[in-house]
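Visitor: Got a structure here, written out as structure tokens. Questions coming.
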Amino acid sequence: MGIEHINRSLKIFRVLSERYRNRRRYALRCNLIAALYNHELSLTA
């Protein structure tokens with residue numbers, strides 16, 4: 001169930017919730033979003 005909360009939090013970003021048309025930098029943007037989420041988790045813990 002914990003992973004479902006993480007998926008929901010990440011889908012707030014439109015890049016991950018909708019179809020992304022610019023494939024060129026998709027991996028970079030996913031890594032940046034994951035880094036932001038991990039940073040947010042480290043601040044709350």
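By order in the structure tokens, chains are A, B, ...; within a chain, residues start at 1; ligands start at 1, following the order shown.
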What lies within 10 Å of range 4-15 of chain A using only C-alpha atoms, ignoring chain neighbours under 3 positions off, as a list in words?

Guide: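 Returned residues: Met1, Glu18, Arg19, Tyr20, Arg21, Asn22, Tyr26, Arg29, Cys30, Ile33, Ala34, Leu36 and Tyr37 of chain A.
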
Visitor: Write out as a PDB file with N, CA and C atoms, in the first residue's frame all residues of range 4-40 of chain A that DSSP puts in helix (DSSP H, G or I) for this structure's backbone.

Guide:
ATOM      1  N   GLU A   4       1.554   2.616  -3.464  1.00  0.00           N
ATOM      2  CA  GLU A   4       0.422   3.310  -4.084  1.00  0.00           C
ATOM      3  C   GLU A   4       0.411   4.783  -3.697  1.00  0.00           C
ATOM      4  N   HIS A   5       0.786   5.094  -2.484  1.00  0.00           N
ATOM      5  CA  HIS A   5       0.868   6.496  -2.063  1.00  0.00           C
ATOM      6  C   HIS A   5       1.983   7.217  -2.810  1.00  0.00           C
ATOM      7  N   ILE A   6       3.071   6.530  -3.038  1.00  0.00           N
ATOM      8  CA  ILE A   6       4.175   7.127  -3.790  1.00  0.00           C
ATOM      9  C   ILE A   6       3.756   7.365  -5.232  1.00  0.00           C
ATOM     10  N   ASN A   7       3.084   6.388  -5.851  1.00  0.00           N
ATOM     11  CA  ASN A   7       2.609   6.568  -7.224  1.00  0.00           C
ATOM     12  C   ASN A   7       1.653   7.742  -7.332  1.00  0.00           C
ATOM     13  N   ARG A   8       0.763   7.876  -6.362  1.00  0.00           N
ATOM     14  CA  ARG A   8      -0.168   8.995  -6.382  1.00  0.00           C
ATOM     15  C   ARG A   8       0.566  10.327  -6.268  1.00  0.00           C
ATOM     16  N   SER A   9       1.550  10.378  -5.402  1.00  0.00           N
ATOM     17  CA  SER A   9       2.306  11.612  -5.223  1.00  0.00           C
ATOM     18  C   SER A   9       3.076  11.979  -6.487  1.00  0.00           C
ATOM     19  N   LEU A  10       3.609  10.995  -7.170  1.00  0.00           N
ATOM     20  CA  LEU A  10       4.371  11.270  -8.383  1.00  0.00           C
ATOM     21  C   LEU A  10       3.466  11.650  -9.547  1.00  0.00           C
ATOM     22  N   ARG A  14       2.525  16.437 -14.143  1.00  0.00           N
ATOM     23  CA  ARG A  14       1.856  16.097 -15.395  1.00  0.00           C
ATOM     24  C   ARG A  14       2.706  15.214 -16.290  1.00  0.00           C
ATOM     25  N   VAL A  15       4.014  15.287 -16.165  1.00  0.00           N
ATOM     26  CA  VAL A  15       4.897  14.475 -16.990  1.00  0.00           C
ATOM     27  C   VAL A  15       4.618  12.992 -16.764  1.00  0.00           C
ATOM     28  N   LEU A  16       4.325  12.606 -15.541  1.00  0.00           N
ATOM     29  CA  LEU A  16       4.112  11.201 -15.231  1.00  0.00           C
ATOM     30  C   LEU A  16       2.653  10.786 -15.312  1.00  0.00           C
ATOM     31  N   SER A  17       1.718  11.725 -15.291  1.00  0.00           N
ATOM     32  CA  SER A  17       0.315  11.348 -15.265  1.00  0.00           C
ATOM     33  C   SER A  17      -0.319  11.305 -16.648  1.00  0.00           C
ATOM     34  N   ARG A  23       9.969  12.516 -26.133  1.00  0.00           N
ATOM     35  CA  ARG A  23      10.682  11.350 -25.624  1.00  0.00           C
ATOM     36  C   ARG A  23      12.156  11.625 -25.340  1.00  0.00           C
ATOM     37  N   ARG A  24      12.666  12.658 -25.903  1.00  0.00           N
ATOM     38  CA  ARG A  24      14.097  12.909 -25.858  1.00  0.00           C
ATOM     39  C   ARG A  24      14.634  13.067 -24.440  1.00  0.00           C
ATOM     40  N   ARG A  25      13.929  13.745 -23.592  1.00  0.00           N
ATOM     41  CA  ARG A  25      14.412  14.024 -22.238  1.00  0.00           C
ATOM     42  C   ARG A  25      13.510  13.434 -21.161  1.00  0.00           C
ATOM     43  N   TYR A  26      12.771  12.407 -21.484  1.00  0.00           N
ATOM     44  CA  TYR A  26      11.839  11.801 -20.536  1.00  0.00           C
ATOM     45  C   TYR A  26      12.569  11.216 -19.333  1.00  0.00           C
ATOM     46  N   ALA A  27      13.652  10.505 -19.567  1.00  0.00           N
ATOM     47  CA  ALA A  27      14.400   9.877 -18.464  1.00  0.00           C
ATOM     48  C   ALA A  27      14.973  10.935 -17.529  1.00  0.00           C
ATOM     49  N   LEU A  28      15.483  12.007 -18.090  1.00  0.00           N
ATOM     50  CA  LEU A  28      16.038  13.086 -17.275  1.00  0.00           C
ATOM     51  C   LEU A  28      14.951  13.699 -16.397  1.00  0.00           C
ATOM     52  N   ARG A  29      13.798  13.943 -16.973  1.00  0.00           N
ATOM     53  CA  ARG A  29      12.714  14.552 -16.201  1.00  0.00           C
ATOM     54  C   ARG A  29      12.199  13.612 -15.127  1.00  0.00           C
ATOM     55  N   CYS A  30      12.127  12.325 -15.429  1.00  0.00           N
ATOM     56  CA  CYS A  30      11.700  11.360 -14.415  1.00  0.00           C
ATOM     57  C   CYS A  30      12.695  11.315 -13.263  1.00  0.00           C
ATOM     58  N   ASN A  31      13.974  11.367 -13.566  1.00  0.00           N
ATOM     59  CA  ASN A  31      14.992  11.380 -12.516  1.00  0.00           C
ATOM     60  C   ASN A  31      14.898  12.645 -11.668  1.00  0.00           C
ATOM     61  N   LEU A  32      14.644  13.774 -12.290  1.00  0.00           N
ATOM     62  CA  LEU A  32      14.519  15.020 -11.537  1.00  0.00           C
ATOM     63  C   LEU A  32      13.294  15.004 -10.624  1.00  0.00           C
ATOM     64  N   ILE A  33      12.183  14.473 -11.117  1.00  0.00           N
ATOM     65  CA  ILE A  33      10.980  14.380 -10.294  1.00  0.00           C
ATOM     66  C   ILE A  33      11.212  13.436  -9.125  1.00  0.00           C
ATOM     67  N   ALA A  34      11.877  12.309  -9.375  1.00  0.00           N
ATOM     68  CA  ALA A  34      12.175  11.367  -8.294  1.00  0.00           C
ATOM     69  C   ALA A  34      13.101  12.003  -7.262  1.00  0.00           C
ATOM     70  N   ALA A  35      14.061  12.797  -7.721  1.00  0.00           N
ATOM     71  CA  ALA A  35      14.965  13.475  -6.797  1.00  0.00           C
ATOM     72  C   ALA A  35      14.204  14.483  -5.931  1.00  0.00           C
ATOM     73  N   LEU A  36      13.279  15.215  -6.532  1.00  0.00           N
ATOM     74  CA  LEU A  36      12.468  16.158  -5.757  1.00  0.00           C
ATOM     75  C   LEU A  36      11.618  15.440  -4.714  1.00  0.00           C
ATOM     76  N   TYR A  37      11.047  14.325  -5.103  1.00  0.00           N
ATOM     77  CA  TYR A  37      10.221  13.567  -4.170  1.00  0.00           C
ATOM     78  C   TYR A  37      11.064  13.002  -3.032  1.00  0.00           C
ATOM     79  N   ASN A  38      12.241  12.468  -3.356  1.00  0.00           N
ATOM     80  CA  ASN A  38      13.129  11.945  -2.308  1.00  0.00           C
ATOM     81  C   ASN A  38      13.597  13.047  -1.371  1.00  0.00           C
ATOM     82  N   HIS A  39      13.847  14.223  -1.915  1.00  0.00           N
ATOM     83  CA  HIS A  39      14.250  15.353  -1.080  1.00  0.00           C
ATOM     84  C   HIS A  39      13.108  15.743  -0.126  1.00  0.00           C
ATOM     85  N   GLU A  40      11.886  15.745  -0.658  1.00  0.00           N
ATOM     86  CA  GLU A  40      10.730  16.056   0.181  1.00  0.00           C
ATOM     87  C   GLU A  40      10.575  15.023   1.302  1.00  0.00           C
TER      88      GLU A  40
END
